[in-house]
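As provided, work_21.txt (compact mmCIF, C-alpha atoms) reads as follows.
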# COMPACT_ATOMS: atom_id res chain seq x y z
CA MET A 1 14.66 -2.39 12.10
CA ASP A 2 17.95 -1.69 10.29
CA GLN A 3 19.34 1.85 10.12
CA PRO A 4 16.59 3.88 8.35
CA GLY A 5 19.07 6.00 6.39
CA THR A 6 20.84 3.00 4.88
CA ILE A 7 17.58 1.23 3.98
CA ALA A 8 15.79 4.33 2.64
CA LYS A 9 18.50 5.00 0.07
CA GLU A 10 17.64 1.70 -1.57
CA ILE A 11 13.84 2.17 -1.68
CA ARG A 12 11.77 3.49 -4.56
CA LEU A 13 8.00 3.41 -5.19
CA ASN A 14 7.08 2.89 -8.85
CA PRO A 15 3.71 2.31 -10.51
CA LEU A 16 3.47 -1.37 -11.45
CA THR A 17 3.19 -2.40 -15.09
CA ASP A 18 2.62 -5.72 -16.85
CA LYS A 19 6.39 -6.24 -16.99
CA GLU A 20 6.55 -6.59 -13.21
CA VAL A 21 3.99 -9.40 -13.13
CA THR A 22 6.60 -12.13 -12.80
CA PRO A 23 6.17 -15.70 -11.54
CA ASP A 24 7.78 -14.60 -8.27
CA TYR A 25 5.22 -11.80 -7.84
CA VAL A 26 2.31 -14.17 -8.51
CA SER A 27 3.79 -16.72 -6.09
CA TRP A 28 3.76 -14.14 -3.26
CA LEU A 29 0.06 -13.59 -3.74
CA ASN A 30 -0.60 -17.32 -3.66
CA ASN A 31 1.52 -17.92 -0.55
CA PRO A 32 -0.96 -18.84 2.25
CA GLU A 33 1.10 -17.03 4.90
CA ILE A 34 1.20 -13.79 2.91
CA ARG A 35 -2.39 -13.80 1.67
CA ARG A 36 -3.78 -14.80 5.08
CA TYR A 37 -4.61 -11.19 5.94
CA LEU A 38 -5.14 -9.83 2.41
CA GLY A 39 -8.49 -9.30 0.71
CA ILE A 40 -7.60 -12.00 -1.83
CA ARG A 41 -7.81 -14.60 0.96
CA HIS A 42 -11.47 -14.98 -0.05
CA ARG A 43 -10.54 -16.12 -3.53
CA ARG A 44 -10.87 -19.89 -3.93
CA GLU A 45 -8.71 -20.36 -7.02
CA PRO A 46 -4.98 -19.53 -7.12
CA LEU A 47 -4.12 -16.33 -8.92
CA LYS A 48 -2.61 -16.59 -12.38
CA GLN A 49 -0.39 -14.11 -14.17
CA GLU A 50 -3.28 -12.90 -16.33
CA ASP A 51 -5.38 -12.27 -13.19
CA VAL A 52 -2.75 -9.91 -11.79
CA ILE A 53 -2.39 -8.14 -15.15
CA ARG A 54 -6.15 -7.59 -15.26
CA PHE A 55 -6.00 -6.20 -11.74
CA LEU A 56 -3.34 -3.66 -12.78
CA GLU A 57 -5.48 -2.65 -15.76
CA ASP A 58 -8.43 -2.21 -13.40
CA CYS A 59 -6.30 0.01 -11.12
CA GLU A 60 -5.44 2.17 -14.12
CA SER A 61 -9.06 2.49 -15.28
CA LYS A 62 -10.29 3.33 -11.77
CA LYS A 63 -7.41 5.77 -11.14
CA ARG A 64 -6.24 3.81 -8.15
CA HIS A 65 -2.85 4.30 -6.54
CA HIS A 66 -0.94 1.02 -6.66
CA TRP A 67 2.82 1.16 -6.29
CA GLY A 68 5.47 -1.51 -6.34
CA ILE A 69 8.05 -1.27 -3.56
CA TYR A 70 11.49 -1.58 -5.11
CA TYR A 71 14.49 -2.32 -2.92
CA GLN A 72 17.94 -2.39 -4.45
CA GLY A 73 16.24 -2.40 -7.83
CA ARG A 74 14.07 -5.44 -7.13
CA HIS A 75 10.28 -5.52 -6.77
CA ILE A 76 9.75 -6.83 -3.23
CA GLY A 77 6.27 -5.64 -2.22
CA ASN A 78 3.37 -3.26 -2.84
CA VAL A 79 1.65 -0.19 -1.43
CA SER A 80 -1.94 0.18 -2.59
CA CYS A 81 -5.03 2.34 -2.02
CA SER A 82 -8.28 0.41 -2.36
CA ALA A 83 -10.81 3.02 -1.17
CA TRP A 84 -10.93 6.81 -1.13
CA SER A 85 -13.18 9.86 -1.19
CA ARG A 86 -11.98 12.89 -3.10
CA GLU A 87 -14.98 14.84 -1.78
CA ASN A 88 -14.10 14.11 1.86
CA ARG A 89 -10.36 13.91 1.14
CA TRP A 90 -9.61 10.60 2.85
CA ILE A 91 -7.86 7.54 1.44
CA ASP A 92 -7.22 4.00 2.67
CA ILE A 93 -3.75 2.50 2.32
CA SER A 94 -2.52 -1.10 2.49
CA TYR A 95 0.83 -2.76 2.03
CA LEU A 96 2.74 -6.01 1.84
CA ILE A 97 6.31 -7.24 1.64
CA GLY A 98 6.18 -10.32 -0.56
CA ASP A 99 9.88 -11.15 -0.70
CA ARG A 100 10.45 -12.97 2.58
CA ASN A 101 14.22 -12.44 2.35
CA VAL A 102 13.76 -8.75 3.23
CA GLN A 103 10.88 -8.93 5.68
CA GLY A 104 11.45 -7.47 9.13
CA ARG A 105 13.99 -4.87 8.00
CA GLY A 106 11.74 -1.81 8.28
CA ILE A 107 11.23 -1.44 4.53
CA ALA A 108 7.43 -1.43 4.79
CA THR A 109 7.48 1.38 7.38
CA LEU A 110 9.65 3.61 5.22
CA ALA A 111 7.80 2.81 1.98
CA VAL A 112 4.35 3.38 3.47
CA GLY A 113 5.58 6.59 5.10
CA ALA A 114 6.81 7.84 1.71
CA ALA A 115 3.43 6.99 0.15
CA MET A 116 1.63 8.84 2.96
CA ARG A 117 3.77 11.91 2.39
CA TYR A 118 2.94 11.76 -1.33
CA LEU A 119 -0.79 11.42 -0.66
CA PHE A 120 -0.77 14.33 1.78
CA GLU A 121 1.44 16.69 -0.19
CA ARG A 122 0.91 15.82 -3.85
CA ARG A 123 -2.68 14.57 -3.78
CA GLU A 124 -3.83 16.84 -0.93
CA TYR A 125 -5.69 14.22 1.08
CA HIS A 126 -6.65 15.27 4.60
CA ARG A 127 -6.74 11.79 6.15
CA VAL A 128 -4.85 8.58 5.43
CA GLN A 129 -6.18 5.47 7.13
CA ALA A 130 -5.26 1.80 7.29
CA GLY A 131 -6.75 -1.33 8.79
CA ALA A 132 -5.42 -4.66 10.02
CA ILE A 133 -6.68 -7.82 11.62
CA VAL A 134 -5.70 -7.67 15.30
CA GLU A 135 -3.45 -10.72 14.97
CA ASN A 136 -1.43 -9.11 12.19
CA ARG A 137 1.11 -7.57 14.53
CA ALA A 138 3.63 -6.81 11.78
CA SER A 139 1.12 -4.59 9.97
CA ILE A 140 0.05 -2.88 13.19
CA ARG A 141 3.67 -2.15 14.08
CA VAL A 142 4.06 -0.33 10.76
CA MET A 143 1.09 1.91 11.58
CA GLU A 144 2.33 2.59 15.09
CA LYS A 145 5.87 3.38 13.93
CA LEU A 146 4.38 5.85 11.46
CA ARG A 147 2.61 7.65 14.33
CA MET A 148 -0.85 6.76 13.13
CA ARG A 149 -3.53 6.80 15.81
CA LYS A 150 -5.83 3.93 16.61
CA ASP A 151 -9.38 5.04 15.86
CA ALA A 152 -11.39 1.91 16.45
CA GLN A 153 -11.50 -1.83 16.94
CA LEU A 154 -14.26 -3.45 14.90
CA ARG A 155 -15.48 -6.66 16.48
CA GLY A 156 -15.72 -9.68 14.19
CA ASN A 157 -15.21 -7.48 11.13
CA ALA A 158 -12.90 -9.83 9.21
CA TYR A 159 -13.58 -13.40 8.11
CA LEU A 160 -10.66 -15.81 7.70
CA PRO A 161 -11.98 -18.50 5.32
CA ALA A 162 -8.98 -20.82 5.63
CA GLU A 163 -9.65 -20.98 9.39
CA ASN A 164 -13.44 -20.60 9.20
CA ARG A 165 -13.59 -17.91 11.87
CA PHE A 166 -14.06 -14.20 12.39
CA ALA A 167 -11.51 -11.80 13.85
CA ASP A 168 -11.48 -8.21 15.06
CA GLU A 169 -10.03 -5.49 12.88
CA VAL A 170 -8.35 -2.27 14.01
CA ILE A 171 -8.40 1.04 12.15
CA TYR A 172 -5.56 3.57 12.37
CA SER A 173 -5.30 7.00 10.77
CA ALA A 174 -3.19 10.12 10.41
CA LEU A 175 -4.33 13.66 9.58
CA LYS A 176 -2.32 15.92 7.30
CA GLU A 177 -2.04 18.84 9.69
CA GLU A 178 -0.73 16.73 12.58
CA TRP A 179 1.38 14.06 10.90
CA ILE A 180 5.15 14.35 11.13
CA PRO A 181 7.21 11.57 9.50
CA PRO A 182 9.00 9.66 12.28
CA PHE A 183 12.10 9.24 10.10
CA ALA A 184 13.52 12.14 8.10
CA GLU A 185 14.67 9.66 5.44
CA ILE A 186 11.04 9.17 4.41
CA ASN A 187 11.21 12.57 2.70
CA ASP A 188 13.98 11.38 0.38
CA ILE A 189 12.34 8.20 -0.95
CA PRO A 190 11.25 8.67 -4.59
CA VAL A 191 7.54 8.10 -5.20
CA LEU A 192 6.63 8.16 -8.88
CA PRO A 193 3.12 9.23 -9.97
CA MET A 194 0.68 6.83 -11.56
CA ARG A 195 0.38 6.92 -15.34
CA TRP A 196 -3.15 8.30 -15.03
CA GLU A 197 -1.83 11.13 -12.86
CA LYS A 198 0.55 12.16 -15.65
CA THR A 199 -2.35 12.15 -18.11
CA ASN A 200 -4.45 14.32 -15.81
CA THR A 201 -1.59 16.78 -15.38
CA LYS A 202 -1.25 17.17 -19.15
CA LYS A 203 -4.99 17.79 -19.51
CA GLU A 204 -4.92 20.38 -16.74
CA SER A 205 -1.98 22.14 -18.40
CA ARG A 206 -3.82 22.31 -21.71
CA CYS A 207 -6.86 23.78 -20.00
CA LYS A 208 -4.81 26.52 -18.37
CA ASN A 209 -3.18 27.67 -21.62
In structure tokens, write the structure found in this file.
Amino acid sequence: MDQPGTIAKEIRLNPLTDKEVTPDYVSWLNNPEIRRYLGIRHRREPLKQEDVIRFLEDCESKKRHHWGIYYQGRHIGNVSCSAWSRENRWIDISYLIGDRNVQGRGIATLAVGAAMRYLFERREYHRVQAGAIVENRASIRVMEKLRMRKDAQLRGNAYLPAENRFADEVIYSALKEEWIPPFAEINDIPVLPMRWEKTNTKKESRCKN
């Protein structure tokens, strides 16, 4: 990992819009090495630009957190939350670095850490959890560097269709009252709210007046 302070200054988490659905972005998602451990690995047909746009629209309608990771002004990956419970105050987080030119530099760790801080402090979740196939060591290293604890190993919980086999999956988590960011620079990374969060804030303000 490069020096966290130098890297963090160049990171920003922004909600994704249709404008960011570029051919490069779509090509990440269709890259067999990148999608190997993603949920979209079960999709038989390659993703098209309109598929990704529809997905972003679905995130908006379902009030799902889905950020683009921007490094030096370029969209290089994503941080996303696919499952959550507002009643029980837990949320699941996932992440990817699609631009292979910047993989292995510690960007994912800092970006996910910034998203966790946002979810704990701004959204008031009690628990943030993440899962990974046991062979996905890069993803597991991110969780371990962020001081998440291993909760469980689920036997045969993930199917890899390209390899026609099952694999174990591990679950890690962090609780709000015990989590301390491992790098102080995480606190300085800008994390912009979703568009639907801004709408909710306006509605709440009108109700209070």
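Distances to A:Val191 were evaluated for A:Leu13, A:Ile93, A:Leu119, A:Ala162 using only C-alpha atoms, and the minimum falls at A:Leu13.
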>> Could you tell me how far atom CA of A:Tyr172 sits from atom CA of A:His126, in Å to one decimal place?
In response: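 One can read the atom CA of A:His126 to atom CA of A:Tyr172 distance as 14.1 Å.
Across A:Val170, A:Ala130, A:Leu192, A:Leu160, the tightest approach to A:Asn14 is made by A:Leu192 when counting only C-alpha atoms.
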> Between A:Gly77, A:Pro161, A:Pro182, A:Pro193, which is the closest to A:Glu144 once you count all atoms listed in the file?
Replying inline: A:Pro182
> Of the residues A:Tyr118, A:Tyr159, A:Thr17, A:Arg123, which is the one nearest to A:Ile40, using all atoms listed in the file?
Replying inline: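 With all atoms listed in the file as the atom set, the closest residue is A:Tyr159.
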> When distances are computed from only C-alpha atoms, which of A:Leu96, A:Ala158, A:Leu110, A:Met116 shows the smallest separation from A:Arg12?
Replying inline: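 Counting only C-alpha atoms, the residue closest to A:Arg12 is A:Leu110.
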>> Report, in Å to a single decimal, how far apart atom CA of A:Glu87 and atom CA of A:Trp67 are.
In response: 22.9 Å
>> Ranking A:Tyr70, A:Phe166, A:Trp84, A:Tyr125 by minimum distance to A:Ala8 and counting all atoms listed in the file, which one comes first?
In response: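 The shortest atom-to-atom distance to A:Ala8 comes from A:Tyr70.
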> If we count all atoms listed in the file, what is near A:Gln103 at a cut-off of 12 Å, once residues fewer than 6 positions away on the same chain are taken out, given as JSON, numbers by chain?
Replying inline: {"A": [1, 2, 34, 71, 76, 77, 96, 97, 109, 138, 139]}
>> Set the distance at 10 Å and use only C-alpha atoms: which residues neighbour A:Leu146 once local chain neighbours fewer than 5 positions away are removed? I'd like the list as JSON, numbers by chain.
In response: {"A": [109, 110, 112, 113, 116, 140, 141, 173, 174, 179, 180, 181, 182, 183]}
